[in-house]
Every structure is written in C-alpha cells, then in structure tokens.
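Report on the structure given below.
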Amino acid sequence: MDNHTLKPIIKPQKDSVLARPRLQKKENQTNFLSLKEAFDLEIIEKNPWGQFLLFIEDSYKYFTPRPQEELEKRAKIIQNAIRILNEHHQESWVEILSIIPQSEKAEADEFYQEISRYKRLTPQEVYQASQTAIRVIINHDKYGFVDGKIDAERINRKTQLNETIDYFHNNQYKTYFIIAQLPELVPEDAKIMFAASKAFQEIIAAGSNFKLEEFSMALMRRFRLTRADIKDDYAQSKDQEKDQIERDLRTQINILEREKLELEQQLEKTRNQASQESVIEIAHSLQNGRQPALNQIQQMISLLELQIEETGEPELSCEQALSLFIILRNLMKTFNELGIEPYPKSLKGKLELSQNQLSEYAYMEGKAFANEQEIKQVECIQQGWKVGEIVITPAKVRELNSDK
C-alpha cells in the first residue's frame with residue numbers, strides 16, 4: 001500500500017518468474033504459483049499488501065467453496081457487471097442493464113440489487129461509496145494494516161479501516177465488489193503480488209458466495225481492527241501517554257532539582273562573597289581613616305600584654321592610660337563613621353518606655369506591662385548598639401521605683 005515500498009524481488013524458479021506468475025497446465029486446469037513460492041517471505045511481510053495477501057492465503061479456504069464450473073461462470077458475469085457499472089455509473093440502472101448481454105442480465109441484476117439496497121441507491125451513489133471504501137484501504141497506508149505499534153495516529157488509521165470494512169461487513173456481494181477491484185487499483189509492486197497469489201485468484205474465480213460473509217470479520221481479527229481491538233489500543237495509548245507524562249514530569253523535576261541545587265550553591269557563593277566584601281569594606285574603613293583603627297587596637301593589645309608580662313597585672317602609667325584612652329576614642333569615632341553607634345547616647349537621665357518598644361530595649365527589671373498603652377519610667381543600665389535603624393544589641397533597662 002505504500003507507494004515507496006521497495007519493489008519485491010521475485011524468487012528465481014526453474015522457469016523464470018517475471019512481471020506475471022507462471023501458469024501451469026494440469027488436467028486442463030489453470031494453477032498459479034503460491035505467493036510464498038513466487039516471493040521471499042521477508043519481501044511479502046514488509047509490503048502492506050503482502051500482509052493482506054498472506055492473510056488471504058492462510059484463510060481463503062474458509063471463504064471459497066469447492067471449485068465448480070457454474071460458480072466460475074457466474075463469477076465472470078459478476079466481474080463484467082462490475083466493469084460496466086464502473087464505466088457507466090453516471091447512467092441509470094435501466095441503461096446499465098441494457099448494456100449487459102441478455103444471457104447475463106438476471107445474475108447481473110441480482111448483484112446490482114444487492115449492492116444498491118434493491119436499487120434505492122443510484123449507480124452513481126453505489127460507485128462513489130465503493131470508491132471511497134477502496135481509497136481508504138489503499139491511500140491511508142503509512143502503517144500498512146498493522147505494525148504492532150500503538151499511538152493516536154495509528155488508532156485513527158484503524159478506526160478508518162473499521163468504518164470502511166463496515167461498508168461490506170457480512171455482505172457477500174459488497175465484499176466481492178470491493179476485493180475484485182483491488183488488483184487494478186493497488187500500487188504496481190503490489191499488482192505483481194496479487195497476480196502471483198493462487199489463493200486470491202481462487203477467491204475471485206469463485207465469485208460472490210455465502211462464505212464471503214465471514215471475510216470482513218476474519219480480516220478485522222487478523223489485523224486487530226475490531227471495535228474491541230481499537231478500544232483496547234485506545235486504553236493502552238492513554239496508559240502510554242500517562243506513562244510518558246510521568247516520565248516527562250520526572251525529567252522536569254530532576255531538571256528543577258538540579259537547577260535548585262545550582263541556585264543554592266550560587267546563592268551560598270554569593271552570600272560568602274558578599275560577606276567577605278563586607279568584611280573587607282569594614283577593614284578598609286577601620287584601617288584607612290586618619291587614625292588607623294586596626295593598628296591602634298593592635299597597639300593597645302601590645303601595651304596591655306607588655307604590662308602583664310612585666311608586672312603580672314595590666315598596670316598603666318598616666319601616660320599609658322592617656323594613650324589607651326585616645327586609642328579607644330579614635331576607635332569609637334571610626335565605628336560611628338561606619339554607622340555603628342551606641343544608644344541611648346547617655347546612661348544618665350530617665351527614659352519613657354512602652355510595650356511596643358521592647359524590640360529595642362531589653363526590660364531587665366520591673367513589673368510587667370499591664371497593656372500596650374502603659375508608659376513606664378526606666379533607666380538604662382547598659383547601652384545597646386545600632387547600625388542605622390537596625391538594632392544589633394538592645395539596650396538594657398530597668399523600671400524606676402515610683403518614689404524616685
């Protein structure tokens with residue numbers, strides 16, 4: 001059915017088989033080579049029409065009565081009736097029958113009645129219906145009749161075939177009407193196979209008969225084209241889609257987890273870098289002022305260590321104490337320039353404190369606040385530290401006695 005199918009290589013015989021199968025005369029009977037004798041099996045199985053003809057060869061005895069001269073004669077009448085219908089389908093049944101030889105009129109008319117619902121359909125309608133069915137069988141051949149795979153496109157193909165087969169299902173006349181036309185309409189490489197198939201030639205030679213009523217169901221069962229098969233394929237397709245969605249989601253989850261890990265690592269790296277940059281900035285601020293604070297801190301530590309080594313106690317002379325005071329004052333100025341400041345500015349004096357200010361002050365001693373509106377008089381017992389408006393260490397306070 002695929003026009004791009006490789007042309008089959010005919011197996012060599014003692015008498016060469018070329019474009020047509022050889023004929024052998026035996027007791028005045030015409031015998032064709034079987035398809036498997038004329039072609040390599042691999043070639044047949046790869047060709048969609050080869051698959052169809054293998055089905056014919058495996059099953060034709062169920063659709064074909066024993067050879068009878070009367071059946072063969074009737075089959076030729078029906079073949080002629082099909083040819084005339086196809087050539088004159090735009091005319092009426094009466095006009096078509098007038099073309100049929102008188103001796104063939106009765107059988108031809110019976111055939112026409114069976115394929116036209118007793119002539120409720122016109123020749124044009126019968127012709128179009130048959131050609132539509134044949135086109136579906138022949139043209140939609142990307143996957144052949146079956147290739148073992150299941151997906152939405154293949155299910156659609158099977159559904160089309162099922163609906164097409166329904167046209168001639170359980171009807172010997174329509175079945176014969178369709179299959180008798182196939183050899184002339186299939187691709188060239190398939191025509192050779194049809195001509196080589198002994199089984200197909202015997203079905204055609206037997207004409208329409210009651211056994212052909214089983215053909216459509218056997219065909220659907222062979223290639224899993226029944227509605228039950230399609231329903232099963234659809235269910236499997238949905239399961240496959242679900243599995244694919246789950247696989248895709250797992251893949252996306254893995255990708256997102258990797259990206260999350262990479263982002264966390266990048267964030268940690270950025271934090272460390274920012275922290276290091278902040279420390280460097282503070283170190284520059286401390287060291288690059290008018291009074292290098294880091295040097296002064298180191299000088300103060302060295303001074304105290306020297307006193308401890310000499311006297312066992314950090315005793316300082318007036319001059320040393322003054323130097324230490326200057327160092328500490330300069331250091332505090334540097335902190336202030338960085339925005340690091342103590343609060344409140346002085347430990348002297350009273351402060352008013354409400355419950356809403358407890359995030360800035362550590363309330364160390366005193367009675368609990370009765371409500372948010374209560375204002376207490378407190379004194380600072382240890383200053384806190386801020387950077388701008390951010391509290392680093394809250395100032396410690398205690399409630400003043402009411403008699404103070």
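Note on naming: chains are A, B, ... as they come in the structure tokens, residues start from 1 per chain, ligands start from 1 in the order shown.
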Considering only C-alpha atoms, return as a PDB file with C-alpha atoms, in the first residue's frame whatever protein or nucleic-acid residues lie within 8 Å of Phe200 in chain A, sequence-local ones (same chain, fewer than 2 positions apart) excluded.
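New file result-v4.pdb:
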ATOM      1  CA  LEU A  53      -2.341 -11.476   0.689  1.00  0.00           C
ATOM      2  CA  ILE A  56      -5.808 -14.409   2.065  1.00  0.00           C
ATOM      3  CA  GLU A  57      -3.507 -17.417   1.597  1.00  0.00           C
ATOM      4  CA  TYR A  60      -9.052 -18.366   1.682  1.00  0.00           C
ATOM      5  CA  PHE A 194      -1.942 -10.119  -6.487  1.00  0.00           C
ATOM      6  CA  SER A 197      -1.432 -15.219  -5.333  1.00  0.00           C
ATOM      7  CA  LYS A 198      -3.163 -18.511  -6.087  1.00  0.00           C
ATOM      8  CA  GLU A 202      -9.373 -18.702  -6.424  1.00  0.00           C
ATOM      9  CA  ILE A 203     -11.500 -16.330  -4.326  1.00  0.00           C
ATOM     10  CA  ILE A 204     -12.124 -14.160  -7.373  1.00  0.00           C
TER      11      ILE A 204
END
> Using the chain letters and numbers from this document, which residues of range 156-308 of chain A does DSSP assign to alpha helix (DSSP H), as an MDAnalysis selection string?
Replying inline: chainID A and resid 156:165 172:179 182:185 188:196 198:206 215:222 227:287 293:308
>> I'd like to know which of A:Phe325, A:Phe223, A:Phe52, A:Phe168 is closest to Ala190 in chain A, using only C-alpha atoms.
In response: A:Phe52
> Contacts of Phe63 in chain A at 12 Å or less, counting only C-alpha atoms, minus same-chain residues fewer than 2 places along, as a PyMOL selection string?
Replying inline: chain A and resi 55-61+65-67+170+172+175-176+199-200+202-219
Taking N, CA and C atoms for each residue, export the selection above as a tab-separated table (two decimals), in the first residue's frame.
chain	number	residue	atom	x	y	z
A	55	PHE	N	-2.71	-13.06	4.60
A	55	PHE	CA	-3.99	-13.35	5.27
A	55	PHE	C	-4.91	-14.13	4.33
A	56	ILE	N	-4.98	-13.70	3.05
A	56	ILE	CA	-5.81	-14.41	2.07
A	56	ILE	C	-5.35	-15.86	1.93
A	57	GLU	N	-4.02	-16.05	1.81
A	57	GLU	CA	-3.51	-17.42	1.60
A	57	GLU	C	-3.73	-18.30	2.81
A	58	ASP	N	-3.68	-17.71	4.00
A	58	ASP	CA	-3.90	-18.50	5.21
A	58	ASP	C	-5.37	-18.84	5.43
A	59	SER	N	-6.27	-18.01	4.87
A	59	SER	CA	-7.69	-18.14	5.23
A	59	SER	C	-8.64	-18.37	4.06
A	60	TYR	N	-8.13	-18.39	2.82
A	60	TYR	CA	-9.05	-18.37	1.68
A	60	TYR	C	-9.99	-19.57	1.64
A	61	LYS	N	-9.56	-20.71	2.18
A	61	LYS	CA	-10.42	-21.90	2.13
A	61	LYS	C	-11.70	-21.71	2.93
A	65	PRO	N	-15.85	-21.83	-1.76
A	65	PRO	CA	-16.41	-23.19	-1.92
A	65	PRO	C	-15.55	-24.01	-2.89
A	66	ARG	N	-15.80	-25.26	-2.95
A	66	ARG	CA	-15.05	-26.08	-3.88
A	66	ARG	C	-15.25	-25.59	-5.31
A	67	PRO	N	-14.20	-25.69	-6.12
A	67	PRO	CA	-14.31	-25.18	-7.49
A	67	PRO	C	-15.45	-25.84	-8.25
A	170	ASN	N	-20.33	-8.53	6.54
A	170	ASN	CA	-21.39	-9.55	6.47
A	170	ASN	C	-22.22	-9.48	5.19
A	172	GLN	N	-21.85	-10.59	1.25
A	172	GLN	CA	-21.01	-11.29	0.27
A	172	GLN	C	-20.87	-10.51	-1.03
A	175	THR	N	-18.63	-7.39	-0.44
A	175	THR	CA	-17.27	-7.87	-0.22
A	175	THR	C	-16.61	-8.20	-1.55
A	176	TYR	N	-17.31	-8.93	-2.36
A	176	TYR	CA	-16.76	-9.29	-3.68
A	176	TYR	C	-16.58	-8.04	-4.53
A	199	ALA	N	-4.28	-18.11	-3.97
A	199	ALA	CA	-5.44	-18.04	-3.08
A	199	ALA	C	-6.37	-16.91	-3.50
A	200	PHE	N	-5.81	-15.74	-3.81
A	200	PHE	CA	-6.66	-14.62	-4.20
A	200	PHE	C	-7.36	-14.91	-5.52
A	202	GLU	N	-8.29	-17.74	-6.64
A	202	GLU	CA	-9.37	-18.70	-6.42
A	202	GLU	C	-10.59	-18.04	-5.80
A	203	ILE	N	-10.37	-17.07	-4.90
A	203	ILE	CA	-11.50	-16.33	-4.33
A	203	ILE	C	-12.24	-15.57	-5.42
A	204	ILE	N	-11.49	-14.91	-6.29
A	204	ILE	CA	-12.12	-14.16	-7.37
A	204	ILE	C	-12.85	-15.11	-8.33
A	205	ALA	N	-12.22	-16.24	-8.61
A	205	ALA	CA	-12.84	-17.21	-9.54
A	205	ALA	C	-14.12	-17.80	-8.99
A	206	ALA	N	-14.25	-17.87	-7.65
A	206	ALA	CA	-15.45	-18.46	-7.03
A	206	ALA	C	-16.62	-17.50	-7.02
A	207	GLY	N	-16.36	-16.20	-7.23
A	207	GLY	CA	-17.44	-15.22	-7.24
A	207	GLY	C	-18.01	-14.95	-5.86
A	208	SER	N	-19.10	-14.21	-5.83
A	208	SER	CA	-19.75	-13.92	-4.54
A	208	SER	C	-20.48	-15.17	-4.07
A	209	ASN	N	-20.26	-15.52	-2.81
A	209	ASN	CA	-20.92	-16.69	-2.23
A	209	ASN	C	-21.08	-16.47	-0.73
A	210	PHE	N	-21.91	-17.26	-0.10
A	210	PHE	CA	-22.25	-17.02	1.31
A	210	PHE	C	-21.03	-17.06	2.23
A	211	LYS	N	-19.99	-17.79	1.83
A	211	LYS	CA	-18.81	-17.87	2.68
A	211	LYS	C	-18.08	-16.52	2.79
A	212	LEU	N	-18.25	-15.68	1.79
A	212	LEU	CA	-17.59	-14.37	1.83
A	212	LEU	C	-18.15	-13.48	2.93
A	213	GLU	N	-19.30	-13.83	3.48
A	213	GLU	CA	-19.86	-13.04	4.58
A	213	GLU	C	-18.95	-13.05	5.80
A	214	GLU	N	-18.08	-14.06	5.91
A	214	GLU	CA	-17.16	-14.16	7.05
A	214	GLU	C	-15.84	-13.42	6.80
A	215	PHE	N	-15.67	-12.95	5.57
A	215	PHE	CA	-14.38	-12.34	5.20
A	215	PHE	C	-14.05	-11.11	6.04
A	216	SER	N	-15.00	-10.20	6.20
A	216	SER	CA	-14.73	-8.94	6.88
A	216	SER	C	-14.32	-9.14	8.33
A	217	MET	N	-15.03	-10.03	9.04
A	217	MET	CA	-14.69	-10.27	10.45
A	217	MET	C	-13.33	-10.94	10.57
A	218	ALA	N	-13.03	-11.88	9.68
A	218	ALA	CA	-11.72	-12.54	9.71
A	218	ALA	C	-10.60	-11.53	9.44
A	219	LEU	N	-10.85	-10.62	8.50
A	219	LEU	CA	-9.87	-9.58	8.19
A	219	LEU	C	-9.62	-8.69	9.41
>> Just want the 8 Å neighbourhood of Thr393 in chain A, counted on only C-alpha atoms, with same-chain residues fewer than 4 positions away dropped. Output as number ranges by chain.
In response: A: 384-386
> Do you know which residues are at most 12 Å from Gln357 in chain A counting only C-alpha atoms, after dropping those on the same chain fewer than 4 positions away, and could you put them as a PyMOL selection string?
Replying inline: chain A and resi 351-353+361-363+369+372-376+391+394-397
Just write the chosen residues, C-alpha atoms, as a compact mmCIF listing (two decimals), in the first residue's frame.
# COMPACT_ATOMS: atom_id res chain seq x y z
CA LEU A 351 13.55 57.14 79.71
CA GLU A 352 9.91 56.54 78.95
CA LEU A 353 9.20 53.04 77.69
CA TYR A 361 15.12 47.64 74.82
CA ALA A 362 15.71 44.61 76.98
CA TYR A 363 13.44 45.11 80.02
CA PHE A 369 3.30 45.96 81.44
CA GLU A 372 0.19 48.35 75.29
CA GLN A 373 -0.80 51.87 76.36
CA GLU A 374 1.08 51.82 79.70
CA ILE A 375 4.19 54.03 79.85
CA LYS A 376 6.92 53.17 82.35
CA VAL A 391 19.28 47.08 66.41
CA PRO A 394 19.20 46.03 72.54
CA ALA A 395 19.89 48.44 75.41
CA LYS A 396 19.20 47.01 78.85
CA VAL A 397 16.79 48.97 81.10
